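Student: Would you mind keeping the following structure in view while I ask a few things?
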Amino acid sequence: MSDLPGLPPAELLKPGGYKPFFDDLLTQEDALHTIKVMFEDELKKNVNLQRVSAPMFLTKNSGFNDNLNGVERPATFAPRDFQDIKLEVPFSLAKWKRWALHYYKCPAGKGLVTDMRGLRCDDDVDFTHSLYVDQWDWEKAIGPDDRNMEYLQTTVKGIYKAVYDTEQEVAKKFGITPLLPEEIKFFSSDEMLKEYPDLTPKERENVLCEKHGAVFLMGIGGFKEDGVTLRHDGRAPDYDDWTTERPDGGFGLNGDLLVWNPILKCSFELSSMGIRVSPEVLLKQLDIMKVPERKDFVWHKMCLDGTIPQTIGGGIGQSRLCQYMLRCAHIGEVQHGWYDPKEVSALKAAGIRLLGLGEFE
């Protein structure tokens with residue numbers, strides 16, 4: 001069904017190709033609740049985070065919404081009696097939560113986590129992406145001496161332990177076979193590019209994940225030596241640090257946490273995270289991306305003058321984690337969403353049941 005690009009792999013659409021793990025929807029809801037509660041508790045414990053409230057919308061003029069790639073349309077509305085005010089549903093809380101550490105006066109070593117809900121009107125909608133975004137958006141204050149690969153990897157191990165322990169508990173409670181390895185492996189986009197120069201970034205991820213089960217791929221963002229082609233994937237210039245040289249010879253103090261998805265038979269991203277830009281790195285990356293004018297924005301000024309602290313942070317997809325742990329073929333099985341009506345019909349025919357109103361054409 002090449003005309004329906006949002007469908008899962010064709011093998012899952014064949015008769016008998018896929019069967020949802022749960023027959024009973026209420027039992028599935030219990031499993032979703034178990035995953036979300038346990039993972040958040042383990043994450044807070046392992047990374048030293050505290051849950052805080054998060055905004056459902058931000059004023060456009062604040063500049064605190066995530067720019068993503070700079071072209072996506074935010075869901076925007078105006079209060080009834082203040083039509084000149086524009087409020088935006090956030091894409092993510094990437095900027096807001098770093099400011100929140102300043103607002104809550106968090107010392108180095110302490111962080112925040114939110115139950116973030118957002119809308120991305122211009123996202124591709126397929127079996128792993130939705131218009132609706134739900135994630136644990138977290139951020140932690142660090143000291144200048146923590147801006148290094150060792151600190152990054154220690155934090156990743158704490159996050160992955162929360163993922164691993166949650167899968168073990170869910171497997172025990174609901175009879176799902178656990179698949180994750182106990183330890184996560186670390187690789188860099190620089191070394192993978194040298195080892196597999198003819199593969200696409202996704203193909204390189206597949207090689208790593210199929211072999212190791214769970215990996216953290218460091219160095220996301222920036223270009224190859226030609227200065228034009230992305231070395232792996234894009235990253236905004238004002239969030240993660242993707243230019244600092246590491247002891248292994250690669251560049252970037254950020255990365256993606258990836259696992260092998262046994263249902264979809266491909267790499268599966270659970271989290272994007274990293275040590276955030278320092279004032280020096282911010283200016284360097286703005287110049288590389290040819291957007292130096294951003295340094296005059298309110299948030300960027302707060303970063304450059306030291307008002308907001310040095311941090312490490314990221315987002316962990318709630319529906320993504322649930323889709324993986326419950327072995328679902330489509331993200332719409334674990335969250336309420338909207339999908340192409342033609343694809344909904346094809347999914348129904350294949351026995352893939354979308355949650356709630358997502359199943360209606």
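Ordering of the structure tokens sets the chain letters (A, B, ...), residue numbers begin anew at 1 in every chain, and ligands are numbered from 1 in the order given.
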Could you list, as JSON, numbers by chain, every residue within 9 Å of Pro279 of chain A, counting only C-alpha atoms and ignoring same-chain residues fewer than 3 positions away?

Tutor: {"A": [282, 283, 284, 300, 303, 304, 305, 306]}

Student: Restricting the output to N, CA, C and O atoms, write the selected residues as a PDB file, in the first residue's frame.

Tutor:
ATOM      1  N   LEU A 282      26.353  28.196  22.376  1.00  0.00           N
ATOM      2  CA  LEU A 282      25.173  28.785  21.738  1.00  0.00           C
ATOM      3  C   LEU A 282      25.581  29.711  20.595  1.00  0.00           C
ATOM      4  O   LEU A 282      25.062  29.609  19.472  1.00  0.00           O
ATOM      5  N   LEU A 283      26.506  30.618  20.851  1.00  0.00           N
ATOM      6  CA  LEU A 283      26.935  31.546  19.823  1.00  0.00           C
ATOM      7  C   LEU A 283      27.567  30.800  18.647  1.00  0.00           C
ATOM      8  O   LEU A 283      27.317  31.134  17.473  1.00  0.00           O
ATOM      9  N   LYS A 284      28.364  29.775  18.942  1.00  0.00           N
ATOM     10  CA  LYS A 284      29.024  28.999  17.887  1.00  0.00           C
ATOM     11  C   LYS A 284      28.002  28.296  17.006  1.00  0.00           C
ATOM     12  O   LYS A 284      28.097  28.343  15.769  1.00  0.00           O
ATOM     13  N   HIS A 300      17.348  33.626  24.585  1.00  0.00           N
ATOM     14  CA  HIS A 300      18.770  33.515  24.268  1.00  0.00           C
ATOM     15  C   HIS A 300      19.592  34.501  25.089  1.00  0.00           C
ATOM     16  O   HIS A 300      20.712  34.177  25.521  1.00  0.00           O
ATOM     17  N   CYS A 303      20.158  33.012  28.416  1.00  0.00           N
ATOM     18  CA  CYS A 303      21.204  31.990  28.373  1.00  0.00           C
ATOM     19  C   CYS A 303      22.581  32.643  28.323  1.00  0.00           C
ATOM     20  O   CYS A 303      23.504  32.248  29.049  1.00  0.00           O
ATOM     21  N   LEU A 304      22.723  33.658  27.492  1.00  0.00           N
ATOM     22  CA  LEU A 304      24.019  34.293  27.297  1.00  0.00           C
ATOM     23  C   LEU A 304      24.482  35.072  28.528  1.00  0.00           C
ATOM     24  O   LEU A 304      25.693  35.147  28.795  1.00  0.00           O
ATOM     25  N   ASP A 305      23.548  35.648  29.289  1.00  0.00           N
ATOM     26  CA  ASP A 305      23.974  36.429  30.460  1.00  0.00           C
ATOM     27  C   ASP A 305      24.016  35.594  31.748  1.00  0.00           C
ATOM     28  O   ASP A 305      24.289  36.116  32.828  1.00  0.00           O
ATOM     29  N   GLY A 306      23.725  34.282  31.624  1.00  0.00           N
ATOM     30  CA  GLY A 306      23.844  33.406  32.787  1.00  0.00           C
ATOM     31  C   GLY A 306      22.623  33.378  33.693  1.00  0.00           C
ATOM     32  O   GLY A 306      22.673  32.778  34.776  1.00  0.00           O
TER      33      GLY A 306
END

Student: Name all residues at most 10 Å from Glu205 of chain A (count only C-alpha atoms; drop same-chain ones fewer than 5 positions away) and give them as a PDB file with all heavy atoms, in the first residue's frame.

Tutor:
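Written file, out.pdb:
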ATOM      1  N   SER A 189      27.729   8.880  16.301  1.00  0.00           N
ATOM      2  CA  SER A 189      27.381   9.028  14.887  1.00  0.00           C
ATOM      3  C   SER A 189      28.645   9.158  14.043  1.00  0.00           C
ATOM      4  O   SER A 189      28.677   8.717  12.889  1.00  0.00           O
ATOM      5  CB  SER A 189      26.477  10.246  14.691  1.00  0.00           C
ATOM      6  OG  SER A 189      27.136  11.437  15.103  1.00  0.00           O
ATOM      7  N   MET A 192      30.055   5.616  13.455  1.00  0.00           N
ATOM      8  CA  MET A 192      29.142   4.849  12.607  1.00  0.00           C
ATOM      9  C   MET A 192      29.193   5.344  11.164  1.00  0.00           C
ATOM     10  O   MET A 192      29.075   4.564  10.221  1.00  0.00           O
ATOM     11  CB  MET A 192      27.721   4.934  13.148  1.00  0.00           C
ATOM     12  CG  MET A 192      27.525   4.218  14.479  1.00  0.00           C
ATOM     13  SD  MET A 192      27.992   2.469  14.401  1.00  0.00           S
ATOM     14  CE  MET A 192      26.766   1.852  13.255  1.00  0.00           C
ATOM     15  N   LEU A 199      25.475   3.658   4.199  1.00  0.00           N
ATOM     16  CA  LEU A 199      24.144   3.439   4.772  1.00  0.00           C
ATOM     17  C   LEU A 199      23.497   4.770   5.140  1.00  0.00           C
ATOM     18  O   LEU A 199      24.183   5.753   5.430  1.00  0.00           O
ATOM     19  CB  LEU A 199      24.224   2.551   6.019  1.00  0.00           C
ATOM     20  CG  LEU A 199      24.759   1.126   5.838  1.00  0.00           C
ATOM     21  CD1 LEU A 199      24.641   0.362   7.155  1.00  0.00           C
ATOM     22  CD2 LEU A 199      24.011   0.390   4.734  1.00  0.00           C
ATOM     23  N   THR A 200      22.177   4.802   5.150  1.00  0.00           N
ATOM     24  CA  THR A 200      21.454   5.980   5.627  1.00  0.00           C
ATOM     25  C   THR A 200      21.531   6.025   7.153  1.00  0.00           C
ATOM     26  O   THR A 200      21.842   5.016   7.799  1.00  0.00           O
ATOM     27  CB  THR A 200      19.984   5.931   5.205  1.00  0.00           C
ATOM     28  OG1 THR A 200      19.345   4.842   5.898  1.00  0.00           O
ATOM     29  CG2 THR A 200      19.843   5.741   3.708  1.00  0.00           C
ATOM     30  N   GLU A 210      19.665  -3.796  16.207  1.00  0.00           N
ATOM     31  CA  GLU A 210      19.412  -5.219  16.034  1.00  0.00           C
ATOM     32  C   GLU A 210      20.502  -6.051  16.703  1.00  0.00           C
ATOM     33  O   GLU A 210      20.232  -7.117  17.259  1.00  0.00           O
ATOM     34  CB  GLU A 210      19.321  -5.569  14.552  1.00  0.00           C
ATOM     35  CG  GLU A 210      18.915  -7.017  14.302  1.00  0.00           C
ATOM     36  CD  GLU A 210      18.607  -7.315  12.852  1.00  0.00           C
ATOM     37  OE1 GLU A 210      19.014  -6.522  11.971  1.00  0.00           O
ATOM     38  OE2 GLU A 210      17.955  -8.344  12.591  1.00  0.00           O
ATOM     39  N   VAL A 215      20.795   1.029  22.548  1.00  0.00           N
ATOM     40  CA  VAL A 215      22.004   1.822  22.362  1.00  0.00           C
ATOM     41  C   VAL A 215      21.710   3.295  22.604  1.00  0.00           C
ATOM     42  O   VAL A 215      20.563   3.754  22.499  1.00  0.00           O
ATOM     43  CB  VAL A 215      22.588   1.664  20.935  1.00  0.00           C
ATOM     44  CG1 VAL A 215      22.874   0.213  20.617  1.00  0.00           C
ATOM     45  CG2 VAL A 215      21.663   2.261  19.880  1.00  0.00           C
ATOM     46  N   PHE A 216      22.768   4.024  22.945  1.00  0.00           N
ATOM     47  CA  PHE A 216      22.691   5.485  22.973  1.00  0.00           C
ATOM     48  C   PHE A 216      23.660   5.984  21.925  1.00  0.00           C
ATOM     49  O   PHE A 216      24.873   5.733  22.013  1.00  0.00           O
ATOM     50  CB  PHE A 216      23.058   6.045  24.347  1.00  0.00           C
ATOM     51  CG  PHE A 216      22.838   7.533  24.453  1.00  0.00           C
ATOM     52  CD1 PHE A 216      21.554   8.043  24.611  1.00  0.00           C
ATOM     53  CD2 PHE A 216      23.902   8.420  24.377  1.00  0.00           C
ATOM     54  CE1 PHE A 216      21.336   9.420  24.694  1.00  0.00           C
ATOM     55  CE2 PHE A 216      23.701   9.791  24.460  1.00  0.00           C
ATOM     56  CZ  PHE A 216      22.413  10.293  24.624  1.00  0.00           C
ATOM     57  N   LEU A 217      23.127   6.661  20.908  1.00  0.00           N
ATOM     58  CA  LEU A 217      23.936   7.144  19.797  1.00  0.00           C
ATOM     59  C   LEU A 217      24.277   8.609  20.045  1.00  0.00           C
ATOM     60  O   LEU A 217      23.405   9.480  19.995  1.00  0.00           O
ATOM     61  CB  LEU A 217      23.173   6.983  18.479  1.00  0.00           C
ATOM     62  CG  LEU A 217      23.973   7.269  17.200  1.00  0.00           C
ATOM     63  CD1 LEU A 217      25.160   6.325  17.071  1.00  0.00           C
ATOM     64  CD2 LEU A 217      23.073   7.159  15.976  1.00  0.00           C
ATOM     65  N   HIS A 232      24.091  12.956  10.743  1.00  0.00           N
ATOM     66  CA  HIS A 232      23.126  11.916  11.129  1.00  0.00           C
ATOM     67  C   HIS A 232      21.698  12.439  11.064  1.00  0.00           C
ATOM     68  O   HIS A 232      20.903  12.008  10.265  1.00  0.00           O
ATOM     69  CB  HIS A 232      23.428  11.385  12.527  1.00  0.00           C
ATOM     70  CG  HIS A 232      22.622  10.163  12.865  1.00  0.00           C
ATOM     71  ND1 HIS A 232      22.948   8.918  12.381  1.00  0.00           N
ATOM     72  CD2 HIS A 232      21.475  10.002  13.578  1.00  0.00           C
ATOM     73  CE1 HIS A 232      22.049   8.033  12.798  1.00  0.00           C
ATOM     74  NE2 HIS A 232      21.144   8.675  13.517  1.00  0.00           N
ATOM     75  N   LEU A 258      17.934   4.572  21.753  1.00  0.00           N
ATOM     76  CA  LEU A 258      17.259   3.739  20.757  1.00  0.00           C
ATOM     77  C   LEU A 258      17.200   2.288  21.220  1.00  0.00           C
ATOM     78  O   LEU A 258      18.129   1.796  21.865  1.00  0.00           O
ATOM     79  CB  LEU A 258      18.006   3.795  19.423  1.00  0.00           C
ATOM     80  CG  LEU A 258      18.336   5.175  18.856  1.00  0.00           C
ATOM     81  CD1 LEU A 258      19.410   5.072  17.788  1.00  0.00           C
ATOM     82  CD2 LEU A 258      17.087   5.837  18.295  1.00  0.00           C
ATOM     83  N   VAL A 259      16.111   1.605  20.873  1.00  0.00           N
ATOM     84  CA  VAL A 259      15.991   0.169  21.153  1.00  0.00           C
ATOM     85  C   VAL A 259      15.567  -0.544  19.872  1.00  0.00           C
ATOM     86  O   VAL A 259      15.109   0.081  18.920  1.00  0.00           O
ATOM     87  CB  VAL A 259      14.968  -0.109  22.284  1.00  0.00           C
ATOM     88  CG1 VAL A 259      15.404   0.542  23.585  1.00  0.00           C
ATOM     89  CG2 VAL A 259      13.573   0.366  21.884  1.00  0.00           C
ATOM     90  N   TRP A 260      15.744  -1.857  19.867  1.00  0.00           N
ATOM     91  CA  TRP A 260      15.277  -2.668  18.741  1.00  0.00           C
ATOM     92  C   TRP A 260      13.825  -3.036  18.980  1.00  0.00           C
ATOM     93  O   TRP A 260      13.471  -3.593  20.020  1.00  0.00           O
ATOM     94  CB  TRP A 260      16.111  -3.925  18.576  1.00  0.00           C
ATOM     95  CG  TRP A 260      15.653  -4.783  17.434  1.00  0.00           C
ATOM     96  CD1 TRP A 260      15.023  -5.981  17.517  1.00  0.00           C
ATOM     97  CD2 TRP A 260      15.782  -4.498  16.035  1.00  0.00           C
ATOM     98  NE1 TRP A 260      14.736  -6.466  16.253  1.00  0.00           N
ATOM     99  CE2 TRP A 260      15.194  -5.576  15.319  1.00  0.00           C
ATOM    100  CE3 TRP A 260      16.328  -3.435  15.316  1.00  0.00           C
ATOM    101  CZ2 TRP A 260      15.154  -5.611  13.924  1.00  0.00           C
ATOM    102  CZ3 TRP A 260      16.282  -3.479  13.921  1.00  0.00           C
ATOM    103  CH2 TRP A 260      15.703  -4.553  13.246  1.00  0.00           C
ATOM    104  N   CYS A 266      12.785  -2.702  13.524  1.00  0.00           N
ATOM    105  CA  CYS A 266      13.619  -1.544  13.209  1.00  0.00           C
ATOM    106  C   CYS A 266      14.035  -0.864  14.504  1.00  0.00           C
ATOM    107  O   CYS A 266      13.531  -1.196  15.590  1.00  0.00           O
ATOM    108  CB  CYS A 266      12.869  -0.558  12.311  1.00  0.00           C
ATOM    109  SG  CYS A 266      11.433   0.207  13.096  1.00  0.00           S
ATOM    110  N   SER A 267      14.964   0.084  14.399  1.00  0.00           N
ATOM    111  CA  SER A 267      15.316   0.875  15.573  1.00  0.00           C
ATOM    112  C   SER A 267      14.122   1.731  15.974  1.00  0.00           C
ATOM    113  O   SER A 267      13.293   2.110  15.138  1.00  0.00           O
ATOM    114  CB  SER A 267      16.527   1.759  15.274  1.00  0.00           C
ATOM    115  OG  SER A 267      16.201   2.726  14.293  1.00  0.00           O
ATOM    116  N   PHE A 268      14.058   2.046  17.260  1.00  0.00           N
ATOM    117  CA  PHE A 268      12.873   2.724  17.799  1.00  0.00           C
ATOM    118  C   PHE A 268      13.349   3.729  18.836  1.00  0.00           C
ATOM    119  O   PHE A 268      13.908   3.361  19.866  1.00  0.00           O
ATOM    120  CB  PHE A 268      11.958   1.675  18.433  1.00  0.00           C
ATOM    121  CG  PHE A 268      10.561   2.136  18.722  1.00  0.00           C
ATOM    122  CD1 PHE A 268       9.652   2.345  17.700  1.00  0.00           C
ATOM    123  CD2 PHE A 268      10.134   2.325  20.029  1.00  0.00           C
ATOM    124  CE1 PHE A 268       8.346   2.746  17.962  1.00  0.00           C
ATOM    125  CE2 PHE A 268       8.831   2.722  20.313  1.00  0.00           C
ATOM    126  CZ  PHE A 268       7.935   2.935  19.272  1.00  0.00           C
ATOM    127  N   GLU A 269      13.158   5.019  18.560  1.00  0.00           N
ATOM    128  CA  GLU A 269      13.648   6.062  19.458  1.00  0.00           C
ATOM    129  C   GLU A 269      12.705   6.254  20.641  1.00  0.00           C
ATOM    130  O   GLU A 269      11.514   6.489  20.468  1.00  0.00           O
ATOM    131  CB  GLU A 269      13.791   7.388  18.708  1.00  0.00           C
ATOM    132  CG  GLU A 269      14.320   8.522  19.570  1.00  0.00           C
ATOM    133  CD  GLU A 269      14.351   9.855  18.850  1.00  0.00           C
ATOM    134  OE1 GLU A 269      14.773   9.882  17.667  1.00  0.00           O
ATOM    135  OE2 GLU A 269      13.941  10.865  19.458  1.00  0.00           O
TER     136      GLU A 269
END

Student: So that I can check the secondary structure, give me every residue of segment 15-128 of chain A assigned alpha helix (DSSP H) by backbone DSSP, as an MDAnalysis selection string.

Tutor: chainID A and resid 25:47 94:103

Student: Could the residues in this selection be saved with N, CA and C atoms as a CSV table (one decimal), in the first residue's frame?

Tutor:
chain,number,residue,atom,x,y,z
A,25,LEU,N,-9.8,-4.1,26.6
A,25,LEU,CA,-9.3,-2.7,26.7
A,25,LEU,C,-9.0,-2.2,28.1
A,26,LEU,N,-9.8,-2.6,29.0
A,26,LEU,CA,-9.6,-2.1,30.4
A,26,LEU,C,-8.3,-2.7,31.0
A,27,THR,N,-8.0,-3.9,30.6
A,27,THR,CA,-6.7,-4.5,31.1
A,27,THR,C,-5.5,-3.7,30.4
A,28,GLN,N,-5.7,-3.4,29.1
A,28,GLN,CA,-4.7,-2.6,28.4
A,28,GLN,C,-4.5,-1.2,29.1
A,29,GLU,N,-5.6,-0.6,29.5
A,29,GLU,CA,-5.5,0.7,30.2
A,29,GLU,C,-4.8,0.6,31.5
A,30,ASP,N,-5.0,-0.6,32.2
A,30,ASP,CA,-4.3,-0.8,33.5
A,30,ASP,C,-2.8,-0.9,33.2
A,31,ALA,N,-2.4,-1.6,32.1
A,31,ALA,CA,-1.0,-1.7,31.7
A,31,ALA,C,-0.4,-0.3,31.3
A,32,LEU,N,-1.2,0.5,30.6
A,32,LEU,CA,-0.7,1.8,30.3
A,32,LEU,C,-0.4,2.6,31.5
A,33,HIS,N,-1.3,2.5,32.5
A,33,HIS,CA,-1.2,3.3,33.8
A,33,HIS,C,0.0,2.8,34.5
A,34,THR,N,0.2,1.4,34.6
A,34,THR,CA,1.3,0.9,35.3
A,34,THR,C,2.7,1.4,34.7
A,35,ILE,N,2.8,1.4,33.4
A,35,ILE,CA,4.0,1.8,32.7
A,35,ILE,C,4.3,3.3,33.1
A,36,LYS,N,3.3,4.1,33.0
A,36,LYS,CA,3.5,5.6,33.2
A,36,LYS,C,3.8,5.9,34.6
A,37,VAL,N,3.1,5.3,35.6
A,37,VAL,CA,3.4,5.6,37.0
A,37,VAL,C,4.8,5.0,37.4
A,38,MET,N,5.1,3.8,37.0
A,38,MET,CA,6.3,3.2,37.5
A,38,MET,C,7.5,3.9,36.8
A,39,PHE,N,7.4,4.1,35.5
A,39,PHE,CA,8.6,4.7,34.9
A,39,PHE,C,8.9,6.1,35.4
A,40,GLU,N,7.8,6.9,35.6
A,40,GLU,CA,8.1,8.2,36.2
A,40,GLU,C,8.7,8.2,37.6
A,41,ASP,N,8.3,7.2,38.4
A,41,ASP,CA,8.8,7.1,39.7
A,41,ASP,C,10.3,6.7,39.7
A,42,GLU,N,10.6,5.7,38.8
A,42,GLU,CA,12.0,5.3,38.6
A,42,GLU,C,12.9,6.4,38.0
A,43,LEU,N,12.4,7.1,37.1
A,43,LEU,CA,13.1,8.2,36.5
A,43,LEU,C,13.5,9.3,37.5
A,44,LYS,N,12.5,9.7,38.3
A,44,LYS,CA,12.7,10.7,39.4
A,44,LYS,C,13.8,10.2,40.3
A,45,LYS,N,13.7,8.9,40.7
A,45,LYS,CA,14.7,8.4,41.7
A,45,LYS,C,16.1,8.3,41.1
A,46,ASN,N,16.2,7.8,39.8
A,46,ASN,CA,17.5,7.6,39.2
A,46,ASN,C,18.2,8.9,38.8
A,47,VAL,N,17.5,9.9,38.4
A,47,VAL,CA,18.1,11.1,37.9
A,47,VAL,C,18.0,12.3,38.8
A,94,ALA,N,11.1,22.6,25.7
A,94,ALA,CA,12.6,22.6,25.7
A,94,ALA,C,13.1,23.9,26.3
A,95,LYS,N,12.6,25.0,25.9
A,95,LYS,CA,13.0,26.3,26.5
A,95,LYS,C,12.4,26.6,27.8
A,96,TRP,N,11.2,26.3,28.0
A,96,TRP,CA,10.5,26.6,29.2
A,96,TRP,C,11.1,25.9,30.4
A,97,LYS,N,11.4,24.6,30.3
A,97,LYS,CA,11.9,23.9,31.5
A,97,LYS,C,13.3,24.4,31.9
A,98,ARG,N,14.1,24.8,31.0
A,98,ARG,CA,15.4,25.4,31.4
A,98,ARG,C,15.2,26.7,32.2
A,99,TRP,N,14.3,27.5,31.7
A,99,TRP,CA,13.9,28.7,32.5
A,99,TRP,C,13.3,28.3,33.9
A,100,ALA,N,12.5,27.2,33.9
A,100,ALA,CA,11.8,26.7,35.1
A,100,ALA,C,12.8,26.3,36.2
A,101,LEU,N,14.0,25.8,35.8
A,101,LEU,CA,15.0,25.5,36.8
A,101,LEU,C,15.5,26.8,37.5
A,102,HIS,N,15.6,27.9,36.8
A,102,HIS,CA,15.8,29.2,37.4
A,102,HIS,C,14.7,29.7,38.2
A,103,TYR,N,13.5,29.5,37.7
A,103,TYR,CA,12.3,29.9,38.5
A,103,TYR,C,12.1,29.2,39.8

Student: For segment 241-252 of chain A, list every protein, DNA or RNA residue within 12 Å, evaluated using only C-alpha atoms, and leave out those in the same chain fewer than 5 positions away; present the list as a ChimeraX atom specification.

Tutor: /A:147-153,186-194,217-224,230-236,273-289,310-313

Student: From the set A:Pro15, A:Gly111, A:Gly6, A:Gly63, which residue has the shortest atom-to-atom contact distance to Asn48 of chain A, counting only C-alpha atoms?

Tutor: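 Going through A:Pro15, A:Gly111, A:Gly6, A:Gly63 one by one, the smallest distance to Asn48 of chain A is for A:Gly111.
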
Student: Which is closer to Tyr132 of chain A than all the others in A:Thr114, A:Ser92, A:Thr177, A:Gln83, using only C-alpha atoms?

Tutor: A:Ser92

Student: As a ChimeraX atom specification, please: all residues of segment 46-289 of chain A that backbone DSSP puts in strand (DSSP E).

Tutor: /A:49-51,58-59,76-77,87-88,111-119,132-141,185-188,214-218,254-261,266-275

Student: Do you have the atom CA of Ala346 of chain A-atom CA of Gly175 of chain A distance handy?

Tutor: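 Those two atoms sit 28.8 Å apart.
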
Student: Rank A:Ala108, A:Ala214, A:Val298, A:Leu354 by their smallest atom-to-atom distance to Pro341 of chain A, using only C-alpha atoms, and report the top residue only.

Tutor: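 Among the listed residues, A:Leu354 lies closest to Pro341 of chain A.
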